[in-house]
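Student: One structure coming up, written as structure tokens, with questions to follow.
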Amino acid sequence: PLALALLERGPSASAKSLAPAVVMLIEKGAASDVMAPVMECLVAKAPFSDVASDDLLGLALAAAKSPEPFSLAFEPVLGAAAATKLEKWEAADVVRLLLAAVKGKGALTADTQASLLSAASDVLAPQMGELAAVDLVKLLLAVSGFGASALLESTAKEAVIRLADLSLTHLLLVTQGLAQGLDPTHTCLQQALEFWTSKLKAMAAAQVAAGGPKGVDASRQLTVEQIVKLVVALAP
């Protein structure tokens, strides 16, 4: 019923008033066939210059999860987010937006990708040292998917600074992100490789001292699956 009501009122409603209702329907799990005409109505109102940041983020997350019909809004939503310069966004929300963006980057023009990365860099680069480890890891995984950029450079440098403080899980994810986004000869990737060399030697020594793997806390050891992922990430 709400979807039908939106369709009836949609043509005369603004994007600002329509977007939160669409996000609510998405969060309630409205069927794709019901949402398709609603999304078409919303997209027709682009650009979304007056849509609230929370609603832009909600639409972007929905578009990244579901190819149709939410992907219809991907380009205008991400374009509007980039145009806002993201100045009033929380850093964690900018990271979530970039994760959504990289999942659907095929639906974004090169100009929108560049504008989004530039706007995100303006917000995140000054706060890079303050990001929680989990957000730094997510950010690196997101921006590495777009290839070379100023934001990737600043994120990679911060990640390398924190290598010694990262858990094994985060360390592996950081390595995967660096290997995906950077040239094999890049300084940050080389520093990560050198760190792994020292890390693996220290882990082996700890096992010897403990009389075998069983004597070492599991959180301080790599699983077989993690070893495979590390080898794949570092393969030429």
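Identifiers for the structure tokens are assigned positionally: chains receive A, B, ... in sequence, residues are indexed from 1 per chain, and ligands are indexed from 1 in the order shown.
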Residues at most 12 Å from Thr84 in chain A, counting only C-alpha atoms, excluding those fewer than 2 positions away in the same chain, as a list of chain:residue names?

Tutor: A:Pro47, A:Phe48, A:Ser49, A:Asp50, A:Val51, A:Ala52, A:Ser53, A:Leu56, A:Val77, A:Leu78, A:Gly79, A:Ala80, A:Ala81, A:Ala82, A:Leu86, A:Glu87, A:Lys88, A:Trp89, A:Val94, A:Ser115, A:Leu116, A:Ser118, A:Ala119, A:Ala120, A:Asp122, A:Val123

Student: Determine which residues of range 26-193 of chain A receive a DSSP assignment of alpha helix (DSSP H), computed from the backbone, and state them as a count of residues only.

Tutor: 110

Student: Between A:Ser12, A:Thr197, A:Leu72, A:Gln190, which has the minimum distance to Pro37 in chain A (counting only C-alpha atoms)?

Tutor: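 Checking each of A:Ser12, A:Thr197, A:Leu72, A:Gln190 against Pro37 in chain A, counting only C-alpha atoms, the winner is A:Leu72.
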
Student: Distance CA of Pro11 in chain A-CA of Ile26 in chain A, one decimal place?

Tutor: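 Pair CA of Pro11 in chain A / CA of Ile26 in chain A returns 19.4 Å.
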
Student: Which residue is closest to Val231 in chain A? Choose from A:Gln176, A:Gly29, A:Ala63, A:His170 and count only C-alpha atoms.

Tutor: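 The answer is A:Gln176, which sits nearest to Val231 in chain A.
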
Student: From the options A:Lys105, A:Lys199, A:Lys138, A:Lys16, which residue's atoms come nearest to Asp93 in chain A, counting only C-alpha atoms?

Tutor: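 Result for the nearest residue to Asp93 in chain A: A:Lys138.
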
Student: Taking into account only C-alpha atoms, which residue in the set A:Leu42, A:Ala73, A:Ala192, A:Val22 is nearest to Gly104 in chain A?

Tutor: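 For Gly104 in chain A, the nearest of the given residues is A:Ala73.
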
Student: In Å, how far is it from CA of Lys65 in chain A to CA of Leu25 in chain A?

Tutor: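 Calculated distance between CA of Lys65 in chain A and CA of Leu25 in chain A is 14.6 Å.
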
Student: Using Å and a single decimal, report how far CA of Ala132 in chain A sits from CA of Leu182 in chain A.

Tutor: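 So the answer is 22.3 Å.
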
Student: Using only C-alpha atoms, pick whichever of A:Leu193, A:Ala210, A:Leu117, A:Ala100 has the shortest atom-to-atom distance to Ala233 in chain A.

Tutor: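 Among A:Leu193, A:Ala210, A:Leu117, A:Ala100, it is A:Leu193 that comes nearest to Ala233 in chain A.
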
Student: Which residue, A:Ala202, A:Ala164, A:Leu57, A:Leu140, has the smallest gap to Ala179 in chain A when you use only C-alpha atoms?

Tutor: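 Using only C-alpha atoms, the shortest distance to Ala179 in chain A belongs to A:Leu140.
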
Student: If you count only C-alpha atoms, which residues fall within 8 Å of Glu75 in chain A, apart from same-chain ones fewer than 4 positions away, as JSON, numbers by chain?

Tutor: {"A": [71, 79, 107, 108, 109, 112]}

Student: Do a neighbour search on Val143 in chain A at 9 Å with only C-alpha atoms, toss out local chain neighbours closer than 6 positions, and write the hits as a ChimeraX atom specification.

Tutor: /A:98-99,102,117,149,151-152,155,177,181

Student: Write the selection just made, keeping C-alpha atoms, as a short mmCIF file (atom, residue, chain, number, x, y, z; two decimals), in the first residue's frame?

Tutor:
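What ended up in result_6.cif:
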data_model
loop_
_atom_site.label_atom_id
_atom_site.label_comp_id
_atom_site.auth_asym_id
_atom_site.auth_seq_id
_atom_site.Cartn_x
_atom_site.Cartn_y
_atom_site.Cartn_z
CA LEU A 98 32.84 4.02 -0.76
CA LEU A 99 32.30 0.32 -0.02
CA VAL A 102 33.09 0.03 -5.37
CA LEU A 117 37.11 9.78 -4.60
CA SER A 149 44.13 7.69 -6.62
CA LEU A 151 43.00 8.64 -1.50
CA LEU A 152 44.54 5.22 -2.10
CA THR A 155 45.25 5.26 2.94
CA GLY A 177 44.02 -4.29 -0.51
CA GLY A 181 45.35 -1.41 -5.80
#
